[in-house]
Structure formats: C-alpha cells, structure tokens
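*Asks:* Before I ask anything, here is the structure I am working with.
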Amino acid sequence: MRTNINKFILGCTLALGGLTAGAQGLEGIVVEEFHTVTQADADYINNDLGNSSFSLAPGSKVYRVYVDMAPNYRLLTVGGSVPDDGNGVHALDFSTTTTFWNDDNFGSEFPAQTRRASTGTLFDTYITIGSTGIVGGTSPCGALGSGLAQVGLLRAADTNGDLTSCGVFPGFTGNDGSIPGTVPALTTNLSGIIDFTALTGSASSFVIGGNTGDSYATLPANTGVDPTTTNRVLIGQFTTDGVFSFHINVVIQSPIGENEFYVWANPIQTEVVSPFLTYPSAACNPPVLGTPTSNGPICAGAALNLSASATGDATINYSWAGPNSFSSTQQNPSIAAATIAATGTYTVTASNGCAPDASATVNVVVNPTTNNTTTVSECDSYTWAVNGTTYTQSGTYTSVSGCATQTLVLTITPSTNNTTTVSECDSYTWAENGTTYTQSGTYTNVVGCATETLVLTIPEHEQHHHGERVRQLHLGVNGTTYTQSGTYTNVVGCATETLVLTIRAVTTPPRRAPAIAPEREWTTTPRRHHTADPHGDPGALTPSTNNTTTESACDSYTWSENGTTYTQSGTYTNVVGCATETLVLTITPSTNNTTTVSECDSYTWSVNGTTYTQSGTYTNVVGCATETLVLTILQSGNNTTTESACDSYTWSVNGTTYTTSGTYTSVTGCSTDPLRHASTQHHHGEREHTQRERDHLHPTHHTNLVAHETPTSAER
C-alpha cells in the first residue's frame, strides 16, 4: 500500500558514544547485484500483477547493500551529518541516473508494513537494517512463506532455498536471500524530516543530511546473521535501470560498547574517513606494504624500533602484533627497554578501506647481555687479552663486543729498584727479608713492584799466629817495632794477625887471648860440631829443636818452611841448623758438584737441610767436597676469570676452545719470573810458617853481632 504521507516525523532519541582511537571495526561495504530483471520478470509484474504504479524496465538491476563488520560488532545507525557538523559536509545519498523502482501496492519504503515477496516486493526499493519482511505477511506459497519475519543475507549465503518468492518470477531462480528471523524495529528521522519521494519513483536521489543529522537505525544495535564470522547487515535494496551510486556514513558499536564513527568525507572530531562508504568507489587502491624492518638484533635493555611503510589510497592504518602480547596501532612503534621475551616474529597489517589488507612480518632477536669485571694489579704496564691493548696508567677500562661487556679495573704501580752493597764478617742478616746469609753473593727480594738487591761479601776470617824469640822485632804486618815480649794482635777487616813474641837480651861473650888462631882451634877439634851462638858465646853449643806440624789440604800444599809444594800425602822433613821441622801431610782431591733447581715459593736443600725462599747461588763445603745450588724461586699466582659466552669460548690462557659450561684450570710454572743470582767463591790461603835463617859465625871472627830480623813475605 502506497503511503499517503511522504514525510514522517518520528521523534526518537539515540544516545551515541565517542569513537575509539584507531577504529578497526568497519571491514567494508558489500554491494550485491541481487538480480537482473528479465523481460519475463517485467511482463509478470507489469502485466500479470498489474498493481504497480510504475513499470519495471527489463534489464533493471536489483542492488543490495550490506555493512561488513568485524566479528561481534553491531550496526547502530546509517545517516548523514550529525547536528553539529554544519552545512551537510557529508550528507547521505542513494542516487541513480534514472529513477528507483518501487511497488507501492505491496510494500513500503522501509519494512514497517507487510511485505509480500511473491508479488513485487522481491524487487522493491527500500531502506532497512537487517529485515526483508515482518511477521504476518501473507503469501500464495502457503505455509512456505506465510507469517514469517525475514532477515536478508547474500544469496550465496542463503541455505534454505526459495522461501518467500515461491518461484513466481520466471527469470528468478535459486535462493532468494532471505531466511526466517527477526530484528529490532527500524527507527528513522532522529532529528528532522526524511523525504522518501525518491524511493517511490519520482526522483533520482534519496538524501538524508543537511545540518539536521537525519539517520535511520535499530535500537538496540544489530549484528549480522553470522555475528562471529562475516557479520554483515543489510541496509537497503535499490532497483533501477540507471547507474547506481551512494555516499553513506555509519556508526558501529564494538563488543564492549564503544562507538566508532565512519564518514565518506570531511571528518570532524573523532570521525574516520573510509573509502568503502562511496560507491562506485573512486580508484581505491589497496595498500601495498613494503618489508617491515627493525633495529635488531639488539641487546636486552636497548630500545626495539619497528618500522613499516605502505602505499595506497585514502588513510592507511597500521596494526602490529608480536611476542609477549605486544600490539600497537602506530606506524613505527618502539619498545623502550626490550627484554629477551621480545624475541620473535612481529606482524604488521596495513589497511585503508580498500580490500584486501596487506600484511608482512619481521623477525627480531633480543640477545641477553653479559657483564664481567676483572681486577688486575701490575707493575709498569698491562696488556689486556680481551682487546690486546697495553695500558700504562691505572684506571677502569671497558671493552664491548656485541652484548658482552668486559670491564678491567687496573692498578699500575711503577717499579722501583734499589741495590745495597754490604761487606760483613762471617754472616749478615738482611733487614729486607730477615734472612741470614753466610756466603757471599747477590740476593734479590721482590715485594710487589719494589725490587731490593743485596750485593754481599763475606770475607773468610783469617787468624795468623806468630811465635818469635828475638832480641827485637820490626813486625811487617803493622809496621810496629816491639822490644818487649808479649802477645800482639792486629786486625784488618776480617783478617786477625796474632804475634806471640819473646824478646831475649843480647849477651857479649868475653874475649880470649889469641894463643891459638881461631882457624886452628876449629881445625883441631873436627869431631865436635860447634855451632856459634849468634847471641852469646861463639864457642857455645846451640841445642837442637824438633817441631812437627800436621796439615790436611785439598789437592796441594805449599810448606812455608821450605817453599815446596806437595801434591801427595806423606811425612816431610826440613832441617835448618839445629832446627828440624817435620810435616805430616794429608792431601785430599777436591770435588765440585752443581745442582740447578727451579721451585715455587721455597726449596729445602737436602745437602745442608736449609730451606731457601729466595733465588740465588748457594755453596756448601764439607772438607774438600764443594756442593753448589743454583736456585730459582718462583712466586705462585692464582687468578680466576669468570666468562659467559654464546655457544663456545676460546680461553686465551691455553688456547683451548670450550663448548660446555664448567670450571677449568691451567697451570704454567708459578707465574713468576725467575731470579738469577751470581755468587763469588773465596779460596782461603793456608797459614805460612816463617822460616828463620840463622847466621853462622866464621871461626876466625870474634865480632859481637846483633841479628836484624827481616819479615818474610808471609809476615808482611
């Protein structure tokens, strides 16, 4: 039935919320070419039914328009400018280059009345939100189409066959795009007047807009037939033999009740322009997405930067999703301090309302960071194996390789060297290390970077004893002339000379008458050997003396009594005047043996049982056997390095590559430079016995003589 009043004033109120940022719910507008009217269809409607006010032209197309939403979104309104837009900046219009066809007798401009699809309403022009017919409609199909409310859907999605048209149209076969179902009643004209004239065949453009904010809607908002999948809602059916076009605006509602505003042009406030809302669309090129990038691989704690770029028409929206529940609608999002949980594949989707959307992925690696600190103290300089750099100054140095940071806390101490020269008798205790030395040598004591060197001379202590019986003596040792018996000592360095001196008075013998010539006196008594006493009477006898000396020597011995060097053991005699000197001599061949030892920290020499803690050359003499120890003492060192590595690690200390975690040890000596010491061996001269030569008086001389003793070379 044709409406008698073309303008309806429906005072309804619709509460609209604000549009959420980065709206994503509108997936498109689907325009279905529902049917092309055949000549047989036109003849049936125009001639057989004969109730339509307008003829239906063969070749006319029936268009159905659906709003395609994301799952579980709801369609709220379809309309023009909201009241505060002003001047109809994006008014709604459905237009054709001819006129729209409408069966005034069997339907209305929106499904508020009975719809009989078996008559002309199958091809009628009307606006709707979801419904194609209401309860109570009659149909010549009998039970098949009577009294059922209908919901529109794409013919390709219709599963129940020809339910409402009953097959009465010769050119229309197959599913009819309607299934049983109900939707909320349609509400129109939210704030003004809607003119439906164009939909009744008297105009070419149906407009909702201006600055009145007219719209049509359902309350509550409506989902499609399949809300969890395609979720499409029919918003109108339009039949025309002209070129069909539209500009629309929609408000949809998210599953959590937030409203999203989409307009075809001139957005204000929170509105989003969508090219879907214009039909036929201008050249709307879907987005072409380049390969997304990142600044990875990065180290944990650094910023992860993602980047994407797409080309295409209209506004391009970006949506990112990735590991650790990451999501973003920015084109180039960042994660300020990424953790290793951010490692993985990131997907970016670019959309501009022109299907299809474009998606691409980028893989990101976030490596764990490692930190290791080594503390070192060295003398003068240190070469760090981590980077091969030699440092001569104390400080904290850092080397970064990938995500591994090595820190060196270095203390450099300048080396000092000091040499002390000492000469001592018998032994010397060095204050630097508290060690007592009894042998000459060069000794070193190292504490940290300070090196103390001792050049030590231990002279052999010598004591010479001189026993003399003379009238007076000029002692060559010290240049002193003694006239009194006594024991005198002279010390020079470590050599002690002792003189046991007996001074005998000079006696002048009485003169005799030369009755007999001296020569004759000596010649007449040849059987008695007279030795003139140089200190008394020339005719006095000198008593014989015998002295035995026992000596032991190594290799050879020079007897001071006669200056002879002996190399064989034996008993030797030397007679001078009435003095007989006997030497009982033992000669032992010398032996020398040298042992070279390198030890850590200390070494006990089995030859003498002494423990040494300093490098040096040590000598032990027992009899004629000389044992020499050349000793190097190395200081033990221990250093622990903690390392973390990926896959494997090559230890610079021993060049070994490890692929398994563990504790490994490398021992090389004692990690201390050996100290070399030179020593000087002293040979002790044997005491020389002074041979005293006695003057013999010629028997013809009667002069009193005073003997002047000249020191021998040994005495000097």
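Residue numbering restarts at 1 in every chain; chains get A, B, ... in the order shown in the structure tokens, and ligands count up from 1 in that same order.
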Might you pull out every residue within 7 Å of Tyr66 of chain A, with only C-alpha atoms counted and same-chain residues fewer than 6 positions away left off, and present them as a list in words?

*Replies:*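 So, after excluding close chain neighbours, the residues are Ile29, Val30, Val31, Arg232, Val233, Leu234 and Ile235 of chain A.
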
*Asks:* What would the file look like if the residues just selected were written as a tab-separated table (two decimals), in the first residue's frame with C-alpha atoms?

*Replies:*
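Wrote selection_11.tsv, looks like this:
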```tsv
chain	number	residue	atom	x	y	z
A	29	ILE	CA	30.60	-2.18	2.35
A	30	VAL	CA	29.33	-5.06	0.23
A	31	VAL	CA	27.23	-4.16	-2.85
A	232	ARG	CA	27.11	-8.42	7.51
A	233	VAL	CA	23.93	-6.35	7.97
A	234	LEU	CA	21.62	-5.41	5.07
A	235	ILE	CA	20.98	-1.63	4.99
```

*Asks:* Excluding segment 416-425 of chain A and any residue of its chain fewer than 2 positions from it, enumerate the residues within 10 Å of it, using only C-alpha atoms, and give them as a PyMOL selection string.

*Replies:* chain A and resi 379-380+413-414+427-430+437-438+440+442-444+446+448-461+493-495

*Asks:* Could you list, as an mmCIF file with C-alpha atoms, in the first residue's frame, every residue within 8 Å of segment 332-339 of chain A, counting only C-alpha atoms and ignoring same-chain residues fewer than 5 positions away?

*Replies:*
```cif
data_model
loop_
_atom_site.group_PDB
_atom_site.id
_atom_site.type_symbol
_atom_site.label_atom_id
_atom_site.label_comp_id
_atom_site.auth_asym_id
_atom_site.auth_seq_id
_atom_site.Cartn_x
_atom_site.Cartn_y
_atom_site.Cartn_z
ATOM 1 C CA ALA A 300 68.462 -6.701 26.190
ATOM 2 C CA GLY A 301 67.667 -3.328 27.749
ATOM 3 C CA ALA A 302 68.025 -1.403 24.489
ATOM 4 C CA ALA A 303 65.104 0.157 22.613
ATOM 5 C CA LEU A 304 63.491 -2.024 19.949
ATOM 6 C CA ASN A 305 62.319 0.063 16.990
ATOM 7 C CA LEU A 306 59.890 -1.332 14.429
ATOM 8 C CA SER A 307 59.144 0.350 11.130
ATOM 9 C CA ALA A 308 56.656 -0.177 8.306
ATOM 10 C CA VAL A 366 66.990 -9.608 21.503
ATOM 11 C CA PRO A 368 70.943 -11.319 26.593
#
```

*Asks:* As an MDAnalysis selection string, please: the residues near Thr343 of chain A (cut-off 7 Å, only C-alpha atoms, same-chain neighbours under 4 positions excluded).

*Replies:* chainID A and resid 323 364:366

*Asks:* Could you turn the residues from that selection into a file that holds N, CA and C atoms, as a short mmCIF file (atom, residue, chain, number, x, y, z; two decimals), in the first residue's frame?

*Replies:*
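The result, written out as selection.cif:
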```
data_model
loop_
_atom_site.label_atom_id
_atom_site.label_comp_id
_atom_site.auth_asym_id
_atom_site.auth_seq_id
_atom_site.Cartn_x
_atom_site.Cartn_y
_atom_site.Cartn_z
N PRO A 323 55.41 -10.91 19.87
CA PRO A 323 55.64 -11.71 21.08
C PRO A 323 55.35 -10.92 22.35
N VAL A 364 62.70 -10.53 14.96
CA VAL A 364 63.51 -9.71 15.86
C VAL A 364 64.23 -10.63 16.84
N VAL A 365 65.50 -10.33 17.08
CA VAL A 365 66.30 -11.07 18.07
C VAL A 365 66.78 -10.08 19.12
N VAL A 366 66.49 -10.40 20.37
CA VAL A 366 66.99 -9.61 21.50
C VAL A 366 67.93 -10.52 22.28
#
```

*Asks:* Excluding same-chain residues fewer than 3 positions from Thr545 of chain A, what lies within 10 Å of it counting only C-alpha atoms, as a list in words?

*Replies:*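 My reading of the contact set: Thr542, Val575, Val576, Gly577, Cys578, Ala579, Thr580 and Glu581 of chain A.
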
*Asks:* Between atom CA of Asp93 of chain A and atom CA of Tyr126 of chain A, measure the distance and give it in Å to one decimal.

*Replies:*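 Atom CA of Tyr126 of chain A lies at a distance of 13.3 Å from atom CA of Asp93 of chain A.
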
*Asks:* Determine, counting only C-alpha atoms, which protein, DNA and RNA residues have an atom within 7 Å of an atom of Thr596 of chain A; residues of the same chain fewer than 4 positions away are not included. Present the result as number ranges by chain.

*Replies:* A: 629-631

*Asks:* Calculate how many Å separate atom CA of Glu561 of chain A from atom CA of Asn478 of chain A, rounding to one decimal.

*Replies:* 22.6 Å

*Asks:* Could you name the residues that touch Thr595 of chain A at 12 Å or less, counting only C-alpha atoms, but leaving out those on the same chain fewer than 3 positions away, as a JSON list (two decimals) with all heavy atoms, in the first residue's frame?

*Replies:*
```json
[["chain", "number", "residue", "atom", "x", "y", "z"],
["A", 592, "ASN", "N", 133.73, -31.06, 43.12],
["A", 592, "ASN", "CA", 132.77, -29.96, 42.94],
["A", 592, "ASN", "C", 131.54, -30.51, 42.21],
["A", 592, "ASN", "O", 131.67, -31.19, 41.19],
["A", 592, "ASN", "CB", 133.37, -28.82, 42.09],
["A", 592, "ASN", "CG", 134.45, -28.06, 42.84],
["A", 592, "ASN", "OD1", 134.14, -27.16, 43.61],
["A", 592, "ASN", "ND2", 135.72, -28.45, 42.63],
["A", 598, "SER", "N", 114.57, -25.23, 40.04],
["A", 598, "SER", "CA", 113.54, -24.19, 39.96],
["A", 598, "SER", "C", 112.34, -24.68, 40.75],
["A", 598, "SER", "O", 111.82, -25.76, 40.48],
["A", 598, "SER", "CB", 113.16, -23.93, 38.51],
["A", 598, "SER", "OG", 112.15, -22.94, 38.45],
["A", 605, "TRP", "N", 117.22, -27.66, 50.74],
["A", 605, "TRP", "CA", 118.37, -28.34, 50.12],
["A", 605, "TRP", "C", 118.76, -29.50, 51.01],
["A", 605, "TRP", "O", 119.13, -29.33, 52.19],
["A", 605, "TRP", "CB", 119.52, -27.35, 49.96],
["A", 605, "TRP", "CG", 120.59, -27.81, 49.01],
["A", 605, "TRP", "CD1", 120.54, -28.82, 48.12],
["A", 605, "TRP", "CD2", 121.89, -27.22, 48.88],
["A", 605, "TRP", "NE1", 121.69, -28.92, 47.42],
["A", 605, "TRP", "CE2", 122.57, -27.93, 47.86],
["A", 605, "TRP", "CE3", 122.57, -26.17, 49.50],
["A", 605, "TRP", "CZ2", 123.86, -27.63, 47.48],
["A", 605, "TRP", "CZ3", 123.85, -25.85, 49.11],
["A", 605, "TRP", "CH2", 124.50, -26.57, 48.10],
["A", 606, "SER", "N", 118.68, -30.70, 50.47],
["A", 606, "SER", "CA", 118.99, -31.88, 51.27],
["A", 606, "SER", "C", 120.46, -31.94, 51.67],
["A", 606, "SER", "O", 120.83, -32.63, 52.63],
["A", 606, "SER", "CB", 118.62, -33.15, 50.48],
["A", 606, "SER", "OG", 119.37, -33.22, 49.28],
["A", 607, "VAL", "N", 121.33, -31.20, 50.97],
["A", 607, "VAL", "CA", 122.76, -31.25, 51.28],
["A", 607, "VAL", "C", 123.02, -30.69, 52.68],
["A", 607, "VAL", "O", 123.82, -31.23, 53.44],
["A", 607, "VAL", "CB", 123.54, -30.47, 50.21],
["A", 607, "VAL", "CG1", 124.99, -30.26, 50.65],
["A", 607, "VAL", "CG2", 123.50, -31.23, 48.89],
["A", 617, "THR", "N", 122.54, -18.34, 44.28],
["A", 617, "THR", "CA", 123.51, -19.42, 44.16],
["A", 617, "THR", "C", 124.10, -19.68, 45.54],
["A", 617, "THR", "O", 124.66, -18.76, 46.17],
["A", 617, "THR", "CB", 124.62, -19.05, 43.16],
["A", 617, "THR", "OG1", 124.00, -18.78, 41.89],
["A", 617, "THR", "CG2", 125.61, -20.19, 43.02],
["A", 618, "TYR", "N", 123.95, -20.88, 46.06],
["A", 618, "TYR", "CA", 124.36, -21.21, 47.42],
["A", 618, "TYR", "C", 125.42, -22.33, 47.35],
["A", 618, "TYR", "O", 125.37, -23.20, 46.49],
["A", 618, "TYR", "CB", 123.15, -21.69, 48.25],
["A", 618, "TYR", "CG", 122.04, -20.67, 48.28],
["A", 618, "TYR", "CD1", 121.00, -20.74, 47.36],
["A", 618, "TYR", "CD2", 122.04, -19.63, 49.22],
["A", 618, "TYR", "CE1", 119.98, -19.80, 47.38],
["A", 618, "TYR", "CE2", 121.02, -18.68, 49.23],
["A", 618, "TYR", "CZ", 120.00, -18.77, 48.31],
["A", 618, "TYR", "OH", 119.00, -17.84, 48.33],
["A", 619, "THR", "N", 126.40, -22.24, 48.31],
["A", 619, "THR", "CA", 127.52, -23.19, 48.33],
["A", 619, "THR", "C", 127.63, -23.83, 49.70],
["A", 619, "THR", "O", 127.49, -23.16, 50.73],
["A", 619, "THR", "CB", 128.84, -22.47, 47.97],
["A", 619, "THR", "OG1", 128.68, -21.84, 46.70],
["A", 619, "THR", "CG2", 129.99, -23.46, 47.91],
["A", 620, "ASN", "N", 127.90, -25.13, 49.71],
["A", 620, "ASN", "CA", 128.13, -25.85, 50.96],
["A", 620, "ASN", "C", 129.43, -26.67, 50.78],
["A", 620, "ASN", "O", 129.56, -27.46, 49.84],
["A", 620, "ASN", "CB", 126.95, -26.80, 51.25],
["A", 620, "ASN", "CG", 127.09, -27.46, 52.61],
["A", 620, "ASN", "OD1", 126.88, -26.81, 53.63],
["A", 620, "ASN", "ND2", 127.41, -28.74, 52.62],
["A", 626, "THR", "N", 132.76, -29.67, 47.49],
["A", 626, "THR", "CA", 132.00, -28.42, 47.35],
["A", 626, "THR", "C", 130.72, -28.73, 46.57],
["A", 626, "THR", "O", 130.76, -29.23, 45.46],
["A", 626, "THR", "CB", 132.82, -27.37, 46.59],
["A", 626, "THR", "OG1", 134.01, -27.10, 47.31],
["A", 626, "THR", "CG2", 132.01, -26.08, 46.43],
["A", 627, "GLU", "N", 129.57, -28.45, 47.21],
["A", 627, "GLU", "CA", 128.27, -28.59, 46.57],
["A", 627, "GLU", "C", 127.73, -27.19, 46.29],
["A", 627, "GLU", "O", 127.69, -26.34, 47.18],
["A", 627, "GLU", "CB", 127.29, -29.35, 47.47],
["A", 627, "GLU", "CG", 127.58, -30.82, 47.63],
["A", 627, "GLU", "CD", 127.22, -31.59, 46.38],
["A", 627, "GLU", "OE1", 126.35, -31.12, 45.62],
["A", 627, "GLU", "OE2", 127.81, -32.66, 46.16],
["A", 628, "THR", "N", 127.27, -26.93, 45.04],
["A", 628, "THR", "CA", 126.75, -25.62, 44.64],
["A", 628, "THR", "C", 125.30, -25.79, 44.19],
["A", 628, "THR", "O", 124.99, -26.69, 43.40],
["A", 628, "THR", "CB", 127.57, -25.00, 43.51],
["A", 628, "THR", "OG1", 128.93, -24.87, 43.95],
["A", 628, "THR", "CG2", 127.02, -23.63, 43.12],
["A", 629, "LEU", "N", 124.42, -24.94, 44.72],
["A", 629, "LEU", "CA", 123.00, -24.95, 44.36],
["A", 629, "LEU", "C", 122.67, -23.66, 43.61],
["A", 629, "LEU", "O", 122.82, -22.57, 44.14],
["A", 629, "LEU", "CB", 122.12, -25.05, 45.62],
["A", 629, "LEU", "CG", 120.61, -24.88, 45.40],
["A", 629, "LEU", "CD1", 120.06, -26.03, 44.55],
["A", 629, "LEU", "CD2", 119.89, -24.79, 46.74],
["A", 630, "VAL", "N", 122.24, -23.79, 42.33],
["A", 630, "VAL", "CA", 121.75, -22.64, 41.56],
["A", 630, "VAL", "C", 120.23, -22.72, 41.63],
["A", 630, "VAL", "O", 119.60, -23.57, 40.99],
["A", 630, "VAL", "CB", 122.23, -22.68, 40.11],
["A", 630, "VAL", "CG1", 121.69, -21.48, 39.34],
["A", 630, "VAL", "CG2", 123.76, -22.71, 40.06],
["A", 631, "LEU", "N", 119.63, -21.81, 42.41],
["A", 631, "LEU", "CA", 118.22, -21.93, 42.78],
["A", 631, "LEU", "C", 117.40, -20.77, 42.20],
["A", 631, "LEU", "O", 117.79, -19.61, 42.30],
["A", 631, "LEU", "CB", 118.07, -21.94, 44.31],
["A", 631, "LEU", "CG", 116.64, -21.97, 44.86],
["A", 631, "LEU", "CD1", 115.93, -23.25, 44.43],
["A", 631, "LEU", "CD2", 116.66, -21.85, 46.38],
["A", 632, "THR", "N", 116.25, -21.13, 41.57],
["A", 632, "THR", "CA", 115.28, -20.11, 41.13],
["A", 632, "THR", "C", 113.98, -20.35, 41.88],
["A", 632, "THR", "O", 113.41, -21.44, 41.81],
["A", 632, "THR", "CB", 115.02, -20.22, 39.62],
["A", 632, "THR", "OG1", 116.24, -20.00, 38.93],
["A", 632, "THR", "CG2", 114.01, -19.16, 39.17]]
```

*Asks:* For a test of reading the model, state the distance in Å between atom CA of Leu583 of chain A and atom CA of Asn547 of chain A, rounded to one decimal.

*Replies:*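 According to the coordinates, atom CA of Leu583 of chain A and atom CA of Asn547 of chain A are separated by 8.6 Å.
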
*Asks:* With only C-alpha atoms as the basis for distance, which of A:Phe196, A:Asp41, A:Met69, A:Ser131 is at the shortest distance from Asn102 of chain A?

*Replies:*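 Looking at the shortest contact to Asn102 of chain A, the residue is A:Phe196.
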
*Asks:* So which bits of segment 138-342 of chain A end up helix (DSSP H, G or I) when you DSSP the backbone, as a VMD selection string?

*Replies:* chain A and resid 142 to 144 155 to 157 197 to 200 275 to 277 340 to 342

*Asks:* Would you save the residues of that selection, restricted to all heavy atoms, as a CSV table (one decimal), in the first residue's frame?

*Replies:*
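Written out: part08.csv:
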```csv
chain,number,residue,atom,x,y,z
A,142,GLY,N,1.5,-20.5,0.5
A,142,GLY,CA,1.0,-21.3,1.6
A,142,GLY,C,2.0,-21.2,2.8
A,142,GLY,O,2.5,-20.2,3.2
A,143,ALA,N,2.1,-22.4,3.5
A,143,ALA,CA,2.9,-22.5,4.7
A,143,ALA,C,4.3,-22.1,4.5
A,143,ALA,O,5.0,-21.7,5.4
A,143,ALA,CB,2.8,-23.8,5.3
A,144,LEU,N,4.8,-22.2,3.2
A,144,LEU,CA,6.2,-22.0,2.9
A,144,LEU,C,6.6,-20.5,3.2
A,144,LEU,O,7.7,-20.2,3.7
A,144,LEU,CB,6.5,-22.3,1.5
A,144,LEU,CG,7.9,-22.1,1.0
A,144,LEU,CD1,8.9,-23.0,1.7
A,144,LEU,CD2,8.0,-22.3,-0.5
A,155,ARG,N,22.7,-14.0,-1.4
A,155,ARG,CA,22.1,-15.2,-2.0
A,155,ARG,C,23.0,-16.3,-1.9
A,155,ARG,O,22.6,-17.5,-1.7
A,155,ARG,CB,21.7,-14.9,-3.4
A,155,ARG,CG,20.5,-14.0,-3.6
A,155,ARG,CD,20.1,-13.8,-5.0
A,155,ARG,NE,19.5,-15.1,-5.5
A,155,ARG,CZ,19.1,-15.3,-6.8
A,155,ARG,NH1,19.2,-14.3,-7.7
A,155,ARG,NH2,18.5,-16.4,-7.1
A,156,ALA,N,24.3,-16.0,-2.0
A,156,ALA,CA,25.3,-17.1,-2.0
A,156,ALA,C,25.4,-17.7,-0.6
A,156,ALA,O,25.9,-18.9,-0.4
A,156,ALA,CB,26.7,-16.6,-2.4
A,157,ALA,N,24.9,-17.0,0.5
A,157,ALA,CA,25.0,-17.5,1.8
A,157,ALA,C,23.6,-18.1,2.3
A,157,ALA,O,23.5,-18.6,3.4
A,157,ALA,CB,25.4,-16.4,2.8
A,197,THR,N,10.5,10.5,-1.2
A,197,THR,CA,10.0,10.6,-2.6
A,197,THR,C,10.8,9.9,-3.6
A,197,THR,O,10.3,9.2,-4.5
A,197,THR,CB,9.9,12.1,-3.0
A,197,THR,OG1,9.1,12.8,-2.1
A,197,THR,CG2,9.3,12.3,-4.4
A,198,ALA,N,12.1,10.0,-3.5
A,198,ALA,CA,13.0,9.3,-4.5
A,198,ALA,C,12.8,7.8,-4.5
A,198,ALA,O,13.0,7.2,-5.5
A,198,ALA,CB,14.5,9.6,-4.2
A,199,LEU,N,12.4,7.3,-3.4
A,199,LEU,CA,12.3,5.8,-3.3
A,199,LEU,C,10.9,5.4,-3.9
A,199,LEU,O,10.7,4.2,-4.0
A,199,LEU,CB,12.4,5.3,-1.9
A,199,LEU,CG,13.8,5.6,-1.2
A,199,LEU,CD1,13.8,5.0,0.2
A,199,LEU,CD2,14.9,5.1,-2.0
A,200,THR,N,10.1,6.3,-4.2
A,200,THR,CA,8.8,5.9,-4.8
A,200,THR,C,8.7,6.2,-6.3
A,200,THR,O,7.6,6.2,-6.8
A,200,THR,CB,7.6,6.7,-4.0
A,200,THR,OG1,7.8,8.1,-4.2
A,200,THR,CG2,7.7,6.3,-2.6
A,275,PRO,N,37.0,4.8,2.5
A,275,PRO,CA,36.6,4.8,1.0
A,275,PRO,C,35.6,3.8,0.7
A,275,PRO,O,34.9,3.9,-0.3
A,275,PRO,CB,38.0,4.5,0.3
A,275,PRO,CG,38.8,3.7,1.4
A,275,PRO,CD,38.4,4.4,2.7
A,276,PHE,N,35.3,2.9,1.7
A,276,PHE,CA,34.2,1.9,1.4
A,276,PHE,C,32.8,2.6,1.3
A,276,PHE,O,31.9,2.1,0.7
A,276,PHE,CB,34.1,1.0,2.6
A,276,PHE,CG,35.3,0.0,2.7
A,276,PHE,CD1,35.8,-0.3,4.0
A,276,PHE,CD2,35.9,-0.5,1.6
A,276,PHE,CE1,36.9,-1.1,4.1
A,276,PHE,CE2,37.0,-1.4,1.8
A,276,PHE,CZ,37.5,-1.7,3.0
A,277,LEU,N,32.7,3.8,1.9
A,277,LEU,CA,31.4,4.5,2.0
A,277,LEU,C,31.0,5.2,0.8
A,277,LEU,O,30.0,5.9,0.8
A,277,LEU,CB,31.4,5.4,3.3
A,277,LEU,CG,31.8,4.7,4.6
A,277,LEU,CD1,31.8,5.6,5.8
A,277,LEU,CD2,30.8,3.5,4.9
A,340,ILE,N,64.6,-10.2,26.5
A,340,ILE,CA,64.7,-11.3,25.6
A,340,ILE,C,63.3,-11.9,25.3
A,340,ILE,O,63.2,-12.6,24.3
A,340,ILE,CB,65.6,-12.4,26.2
A,340,ILE,CG1,65.1,-12.9,27.5
A,340,ILE,CG2,67.1,-11.8,26.3
A,340,ILE,CD1,66.0,-14.0,28.1
A,341,ALA,N,62.3,-11.6,26.1
A,341,ALA,CA,61.0,-12.0,25.8
A,341,ALA,C,60.4,-11.4,24.5
A,341,ALA,O,59.4,-11.8,23.9
A,341,ALA,CB,60.0,-11.8,26.9
A,342,ALA,N,61.0,-10.3,24.1
A,342,ALA,CA,60.6,-9.6,22.9
A,342,ALA,C,61.1,-10.2,21.6
A,342,ALA,O,60.8,-9.8,20.5
A,342,ALA,CB,61.0,-8.1,22.9
```
